[in-house]
Amino acid sequence: AMSADGKQMVYYVATVDVTRDDVTIMVNYKDNDPSKGWGMQRVEDQVAALVKNNKHVENFTPVVATNGDGFNTTTGEPAGLLVMNGKVWKGIDGDGFFGILKDGSAVIGTTQEYKTIYKDQIQDAVSGFGVTLVKDGKLNVGNYTADRASRTAVGITKTGKVVFMVLDGRQEPFSCGGSMEEIAQIMLDAGCVEAVNLDGGG
């Protein structure tokens, strides 16, 4: 795609139908086991640990994996909420969250909604990273940064499907990244009625 000022934007969108019985979204962490303590690990190595720990599940096949919330780049501690398989490993902060409920449906909400509505219903969840992009089917970025960078976002469509978006950046002229408004528009164009920014990565 091209941005309004003619710069190259390279992004990837994956839509996950969590309404299917054979599809789920899982939050992961280093070695697929936060009980070992905070640490650093590449996403592909986290996926390998997830597969190893789920060998007993017939036809267990990860299809898409991406980064989630921000983290301490020294210790690997998540910046905010981390819930895996119903266990809260780190509490929520002020950035809202994306989660999968115990009934398998997806939710994006505020910190207040987590505390008052969803806390006991969450199966897996991570905090958002800085800004809600789309709320109630409308752009919601306000005056947030116009700077372009690598971006990752997650959203939910009107029919409950989950949309993951990864926007490449910092590699001009191949890819310029995107501003918050630009990625919010990508998520809206992908059919999202709710969307939140995640850690875009380096």
# chains A, B, ... in the order shown; residues from 1 in each chain; ligands from 1
>>> residues_around(residues="A:Gly76", least_positions_apart="6", cutoff="9 Å", atoms="only C-alpha atoms", output="PDB file with N, CA, C and O atoms, in the first residue's frame")
ATOM      1  N   LYS A  30       8.147 -16.581  27.458  1.00  0.00           N
ATOM      2  CA  LYS A  30       9.408 -17.330  27.399  1.00  0.00           C
ATOM      3  C   LYS A  30       9.233 -18.757  27.915  1.00  0.00           C
ATOM      4  O   LYS A  30       8.700 -18.973  28.992  1.00  0.00           O
ATOM      5  N   TRP A  38      11.020 -14.016  34.762  1.00  0.00           N
ATOM      6  CA  TRP A  38      11.045 -13.162  33.580  1.00  0.00           C
ATOM      7  C   TRP A  38      12.315 -13.403  32.780  1.00  0.00           C
ATOM      8  O   TRP A  38      13.354 -13.717  33.336  1.00  0.00           O
ATOM      9  N   GLY A  39      12.215 -13.244  31.473  1.00  0.00           N
ATOM     10  CA  GLY A  39      13.377 -13.412  30.615  1.00  0.00           C
ATOM     11  C   GLY A  39      13.055 -13.033  29.187  1.00  0.00           C
ATOM     12  O   GLY A  39      11.935 -12.667  28.860  1.00  0.00           O
ATOM     13  N   MET A  40      14.047 -13.125  28.343  1.00  0.00           N
ATOM     14  CA  MET A  40      13.917 -12.730  26.940  1.00  0.00           C
ATOM     15  C   MET A  40      13.946 -13.978  26.063  1.00  0.00           C
ATOM     16  O   MET A  40      14.695 -14.922  26.340  1.00  0.00           O
ATOM     17  N   GLN A  41      13.156 -13.956  24.984  1.00  0.00           N
ATOM     18  CA  GLN A  41      13.157 -15.059  24.030  1.00  0.00           C
ATOM     19  C   GLN A  41      12.482 -14.602  22.742  1.00  0.00           C
ATOM     20  O   GLN A  41      11.477 -13.901  22.774  1.00  0.00           O
TER      21      GLN A  41
END
>>> select_by_dssp(residues="chain A", states="strand (DSSP E or B)", output="number ranges by chain")
A: 2, 8, 11-16, 71, 78, 82-84, 87-90, 97-101, 106-109, 122-127, 132-135, 138-139, 149, 151-157, 162-167, 171, 175, 178, 192-198
>>> closest_atom_pairs(of="stretch 106-173 of chain A", to="stretch 179-198 of chain A", cutoff="6 Å", atoms="only C-alpha atoms", output="CSV")
residue,atom,partner,partner_atom,distance
A:Gly128,CA,A:Leu198,CA,5.3
A:Phe129,CA,A:Leu198,CA,4.7
A:Val131,CA,A:Asn197,CA,5.8
A:Thr132,CA,A:Val196,CA,4.4
A:Leu133,CA,A:Ala184,CA,4.9
A:Val134,CA,A:Ala195,CA,4.8
A:Lys135,CA,A:Glu194,CA,4.8
A:Asp136,CA,A:Val193,CA,5.4
A:Gly137,CA,A:Val193,CA,3.8
A:Ala146,CA,A:Ser179,CA,4.9
A:Asp147,CA,A:Ser179,CA,5.3
A:Arg148,CA,A:Ser179,CA,4.5
A:Thr152,CA,A:Leu198,CA,5.2
A:Ala153,CA,A:Asn197,CA,4.4
A:Val154,CA,A:Ala195,CA,5.6
A:Gly155,CA,A:Ala195,CA,3.8
A:Ile156,CA,A:Cys192,CA,5.1
A:Thr157,CA,A:Cys192,CA,4.2
A:Lys158,CA,A:Val193,CA,6.0
>>> residues_around(residues="A:Ala149", least_positions_apart="5", cutoff="10 Å", atoms="only C-alpha atoms", output="MDAnalysis selection string")
chainID A and resid 167:171 175:180 200:202
>>> write_last_selection(atoms="N, CA, C and O atoms", output="PDB file, in the first residue's frame")
ATOM      1  N   LEU A 167       2.973  -4.206  10.602  1.00  0.00           N
ATOM      2  CA  LEU A 167       3.422  -3.237   9.607  1.00  0.00           C
ATOM      3  C   LEU A 167       4.942  -3.108   9.702  1.00  0.00           C
ATOM      4  O   LEU A 167       5.473  -2.767  10.755  1.00  0.00           O
ATOM      5  N   ASP A 168       5.603  -3.432   8.610  1.00  0.00           N
ATOM      6  CA  ASP A 168       7.052  -3.334   8.551  1.00  0.00           C
ATOM      7  C   ASP A 168       7.449  -1.856   8.532  1.00  0.00           C
ATOM      8  O   ASP A 168       6.689  -1.010   8.074  1.00  0.00           O
ATOM      9  N   GLY A 169       8.638  -1.543   9.019  1.00  0.00           N
ATOM     10  CA  GLY A 169       9.067  -0.147   9.008  1.00  0.00           C
ATOM     11  C   GLY A 169      10.546   0.017   9.236  1.00  0.00           C
ATOM     12  O   GLY A 169      11.280  -0.951   9.407  1.00  0.00           O
ATOM     13  N   ARG A 170      10.963   1.289   9.216  1.00  0.00           N
ATOM     14  CA  ARG A 170      12.362   1.672   9.416  1.00  0.00           C
ATOM     15  C   ARG A 170      13.277   1.075   8.357  1.00  0.00           C
ATOM     16  O   ARG A 170      14.436   0.774   8.625  1.00  0.00           O
ATOM     17  N   GLN A 171      12.737   0.876   7.159  1.00  0.00           N
ATOM     18  CA  GLN A 171      13.537   0.298   6.069  1.00  0.00           C
ATOM     19  C   GLN A 171      13.239   1.012   4.760  1.00  0.00           C
ATOM     20  O   GLN A 171      12.995   0.383   3.739  1.00  0.00           O
ATOM     21  N   SER A 175      10.033   0.046   3.135  1.00  0.00           N
ATOM     22  CA  SER A 175       8.850   0.235   3.965  1.00  0.00           C
ATOM     23  C   SER A 175       9.103   1.328   4.984  1.00  0.00           C
ATOM     24  O   SER A 175      10.113   1.320   5.679  1.00  0.00           O
ATOM     25  N   CYS A 176       8.142   2.251   5.091  1.00  0.00           N
ATOM     26  CA  CYS A 176       8.321   3.421   5.946  1.00  0.00           C
ATOM     27  C   CYS A 176       7.696   3.264   7.321  1.00  0.00           C
ATOM     28  O   CYS A 176       7.839   4.135   8.169  1.00  0.00           O
ATOM     29  N   GLY A 177       6.973   2.172   7.578  1.00  0.00           N
ATOM     30  CA  GLY A 177       6.224   2.067   8.821  1.00  0.00           C
ATOM     31  C   GLY A 177       4.958   2.883   8.732  1.00  0.00           C
ATOM     32  O   GLY A 177       4.503   3.236   7.638  1.00  0.00           O
ATOM     33  N   GLY A 178       4.358   3.200   9.867  1.00  0.00           N
ATOM     34  CA  GLY A 178       3.113   3.961   9.844  1.00  0.00           C
ATOM     35  C   GLY A 178       2.893   4.737  11.126  1.00  0.00           C
ATOM     36  O   GLY A 178       3.469   4.424  12.169  1.00  0.00           O
ATOM     37  N   SER A 179       2.067   5.757  11.025  1.00  0.00           N
ATOM     38  CA  SER A 179       1.653   6.528  12.197  1.00  0.00           C
ATOM     39  C   SER A 179       0.496   5.790  12.863  1.00  0.00           C
ATOM     40  O   SER A 179      -0.080   4.856  12.294  1.00  0.00           O
ATOM     41  N   MET A 180       0.129   6.220  14.038  1.00  0.00           N
ATOM     42  CA  MET A 180      -1.014   5.613  14.727  1.00  0.00           C
ATOM     43  C   MET A 180      -2.299   5.783  13.920  1.00  0.00           C
ATOM     44  O   MET A 180      -3.111   4.874  13.823  1.00  0.00           O
ATOM     45  N   GLY A 200       5.257  -2.564  18.651  1.00  0.00           N
ATOM     46  CA  GLY A 200       5.623  -2.689  17.250  1.00  0.00           C
ATOM     47  C   GLY A 200       6.941  -3.378  17.013  1.00  0.00           C
ATOM     48  O   GLY A 200       7.254  -3.763  15.902  1.00  0.00           O
ATOM     49  N   GLY A 201       7.749  -3.522  18.049  1.00  0.00           N
ATOM     50  CA  GLY A 201       9.050  -4.144  17.869  1.00  0.00           C
ATOM     51  C   GLY A 201      10.054  -3.170  17.283  1.00  0.00           C
ATOM     52  O   GLY A 201       9.722  -2.055  16.909  1.00  0.00           O
ATOM     53  N   GLY A 202      11.289  -3.601  17.226  1.00  0.00           N
ATOM     54  CA  GLY A 202      12.356  -2.736  16.707  1.00  0.00           C
ATOM     55  C   GLY A 202      12.254  -2.557  15.210  1.00  0.00           C
ATOM     56  O   GLY A 202      12.831  -1.659  14.655  1.00  0.00           O
TER      57      GLY A 202
END
>>> select_by_dssp(residues="stretch 112-144 of chain A", states="helix (DSSP H, G or I)", output="list in words")
Gln112, Glu113, Tyr114, Lys115, Thr116, Ile117, Tyr118, Lys119, Asp120 and Gln121 of chain A
>>> write_last_selection(atoms="C-alpha atoms", output="short mmCIF file (atom, residue, chain, number, x, y, z; two decimals), in the first residue's frame")
data_model
loop_
_atom_site.label_atom_id
_atom_site.label_comp_id
_atom_site.auth_asym_id
_atom_site.auth_seq_id
_atom_site.Cartn_x
_atom_site.Cartn_y
_atom_site.Cartn_z
CA GLN A 112 -11.58 -0.20 34.06
CA GLU A 113 -13.61 -2.72 32.00
CA TYR A 114 -11.05 -5.41 32.84
CA LYS A 115 -11.37 -4.72 36.57
CA THR A 116 -15.16 -4.39 36.68
CA ILE A 117 -16.44 -6.72 33.92
CA TYR A 118 -13.90 -9.15 32.50
CA LYS A 119 -11.33 -10.02 35.19
CA ASP A 120 -12.88 -13.37 36.17
CA GLN A 121 -13.78 -14.30 32.57
#
>>> closest_residue(among="A:Val47, A:Met2, A:Ile100, A:Val10", to="A:Val63", atoms="only C-alpha atoms")
A:Val47
>>> residues_around(residues="A:Thr19", least_positions_apart="5", cutoff="12 Å", atoms="only C-alpha atoms", output="PyMOL selection string")
chain A and resi 24-25+100-101+103-106+156-157+159-162
>>> atom_distance(atom1="atom CA of A:Val43", atom2="atom CA of A:Gly96")
22.4 Å
>>> atom_distance(atom1="atom CA of A:Arg151", atom2="atom CA of A:Asp22")
28.6 Å
>>> closest_residue(among="A:Thr110, A:Gly70, A:Met26, A:Val64", to="A:Met84", atoms="only C-alpha atoms")
A:Met26
>>> atom_distance(atom1="atom CA of A:Gly99", atom2="atom CA of A:Gln46")
18.6 Å
>>> residues_around(residues="A:Ile92", least_positions_apart="3", cutoff="9 Å", atoms="only C-alpha atoms", output="ChimeraX atom specification")
/A:79-82,95-97,111,114-115,126-127
>>> write_last_selection(atoms="all heavy atoms", output="mmCIF file, in the first residue's frame")
data_model
loop_
_atom_site.group_PDB
_atom_site.id
_atom_site.type_symbol
_atom_site.label_atom_id
_atom_site.label_comp_id
_atom_site.auth_asym_id
_atom_site.auth_seq_id
_atom_site.Cartn_x
_atom_site.Cartn_y
_atom_site.Cartn_z
ATOM 1 N N ALA A 79 5.294 -5.249 30.301
ATOM 2 C CA ALA A 79 4.963 -3.905 30.759
ATOM 3 C C ALA A 79 3.621 -3.874 31.479
ATOM 4 O O ALA A 79 3.392 -3.037 32.348
ATOM 5 C CB ALA A 79 4.950 -2.938 29.578
ATOM 6 N N GLY A 80 2.731 -4.786 31.105
ATOM 7 C CA GLY A 80 1.404 -4.789 31.710
ATOM 8 C C GLY A 80 0.844 -6.195 31.788
ATOM 9 O O GLY A 80 1.579 -7.167 31.959
ATOM 10 N N LEU A 81 -0.438 -6.298 31.634
ATOM 11 C CA LEU A 81 -1.194 -7.528 31.847
ATOM 12 C C LEU A 81 -0.624 -8.726 31.083
ATOM 13 O O LEU A 81 -0.319 -8.642 29.899
ATOM 14 C CB LEU A 81 -2.647 -7.304 31.411
ATOM 15 C CG LEU A 81 -3.621 -8.462 31.638
ATOM 16 C CD1 LEU A 81 -3.824 -8.720 33.126
ATOM 17 C CD2 LEU A 81 -4.958 -8.149 30.966
ATOM 18 N N LEU A 82 -0.488 -9.839 31.788
ATOM 19 C CA LEU A 82 -0.130 -11.115 31.181
ATOM 20 C C LEU A 82 -0.970 -12.192 31.862
ATOM 21 O O LEU A 82 -0.796 -12.461 33.049
ATOM 22 C CB LEU A 82 1.359 -11.429 31.344
ATOM 23 C CG LEU A 82 1.799 -12.818 30.840
ATOM 24 C CD1 LEU A 82 1.625 -12.941 29.338
ATOM 25 C CD2 LEU A 82 3.240 -13.113 31.239
ATOM 26 N N ASP A 95 -3.095 0.794 29.944
ATOM 27 C CA ASP A 95 -3.196 0.820 28.490
ATOM 28 C C ASP A 95 -4.336 -0.024 27.914
ATOM 29 O O ASP A 95 -4.407 -0.222 26.715
ATOM 30 C CB ASP A 95 -1.888 0.336 27.851
ATOM 31 C CG ASP A 95 -0.765 1.348 28.039
ATOM 32 O OD1 ASP A 95 -1.074 2.544 28.205
ATOM 33 O OD2 ASP A 95 0.398 0.948 28.010
ATOM 34 N N GLY A 96 -5.231 -0.532 28.740
ATOM 35 C CA GLY A 96 -6.270 -1.411 28.214
ATOM 36 C C GLY A 96 -5.699 -2.774 27.882
ATOM 37 O O GLY A 96 -4.556 -3.083 28.220
ATOM 38 N N PHE A 97 -6.497 -3.609 27.188
ATOM 39 C CA PHE A 97 -6.045 -4.978 26.954
ATOM 40 C C PHE A 97 -6.757 -5.620 25.781
ATOM 41 O O PHE A 97 -7.818 -5.171 25.341
ATOM 42 C CB PHE A 97 -6.288 -5.830 28.209
ATOM 43 C CG PHE A 97 -7.749 -6.151 28.440
ATOM 44 C CD1 PHE A 97 -8.258 -7.391 28.078
ATOM 45 C CD2 PHE A 97 -8.614 -5.223 28.987
ATOM 46 C CE1 PHE A 97 -9.600 -7.695 28.255
ATOM 47 C CE2 PHE A 97 -9.954 -5.515 29.174
ATOM 48 C CZ PHE A 97 -10.445 -6.755 28.813
ATOM 49 N N THR A 111 -8.804 -0.601 30.951
ATOM 50 C CA THR A 111 -8.365 -1.121 32.241
ATOM 51 C C THR A 111 -9.547 -1.209 33.199
ATOM 52 O O THR A 111 -9.697 -2.200 33.922
ATOM 53 C CB THR A 111 -7.255 -0.216 32.821
ATOM 54 O OG1 THR A 111 -6.164 -0.227 31.902
ATOM 55 C CG2 THR A 111 -6.795 -0.689 34.181
ATOM 56 N N TYR A 114 -11.690 -4.176 32.375
ATOM 57 C CA TYR A 114 -11.051 -5.410 32.842
ATOM 58 C C TYR A 114 -11.368 -5.634 34.318
ATOM 59 O O TYR A 114 -11.772 -6.714 34.732
ATOM 60 C CB TYR A 114 -9.542 -5.338 32.637
ATOM 61 C CG TYR A 114 -8.808 -6.518 33.248
ATOM 62 C CD1 TYR A 114 -8.699 -7.722 32.560
ATOM 63 C CD2 TYR A 114 -8.258 -6.434 34.522
ATOM 64 C CE1 TYR A 114 -8.047 -8.811 33.123
ATOM 65 C CE2 TYR A 114 -7.601 -7.524 35.089
ATOM 66 C CZ TYR A 114 -7.507 -8.704 34.384
ATOM 67 O OH TYR A 114 -6.876 -9.781 34.959
ATOM 68 N N LYS A 115 -11.187 -4.596 35.123
ATOM 69 C CA LYS A 115 -11.369 -4.717 36.566
ATOM 70 C C LYS A 115 -12.816 -4.951 36.963
ATOM 71 O O LYS A 115 -13.083 -5.686 37.918
ATOM 72 C CB LYS A 115 -10.834 -3.463 37.262
ATOM 73 C CG LYS A 115 -9.319 -3.322 37.171
ATOM 74 C CD LYS A 115 -8.857 -2.020 37.784
ATOM 75 C CE LYS A 115 -7.344 -1.896 37.731
ATOM 76 N NZ LYS A 115 -6.878 -0.601 38.267
ATOM 77 N N VAL A 126 -3.252 -9.862 27.105
ATOM 78 C CA VAL A 126 -2.089 -8.984 27.183
ATOM 79 C C VAL A 126 -2.562 -7.541 27.178
ATOM 80 O O VAL A 126 -3.630 -7.231 26.652
ATOM 81 C CB VAL A 126 -1.088 -9.185 26.010
ATOM 82 C CG1 VAL A 126 -0.449 -10.549 26.067
ATOM 83 C CG2 VAL A 126 -1.748 -8.933 24.677
ATOM 84 N N SER A 127 -1.742 -6.670 27.764
ATOM 85 C CA SER A 127 -2.057 -5.243 27.724
ATOM 86 C C SER A 127 -1.858 -4.694 26.327
ATOM 87 O O SER A 127 -1.056 -5.211 25.552
ATOM 88 C CB SER A 127 -1.146 -4.466 28.685
ATOM 89 O OG SER A 127 -1.549 -4.638 30.007
#
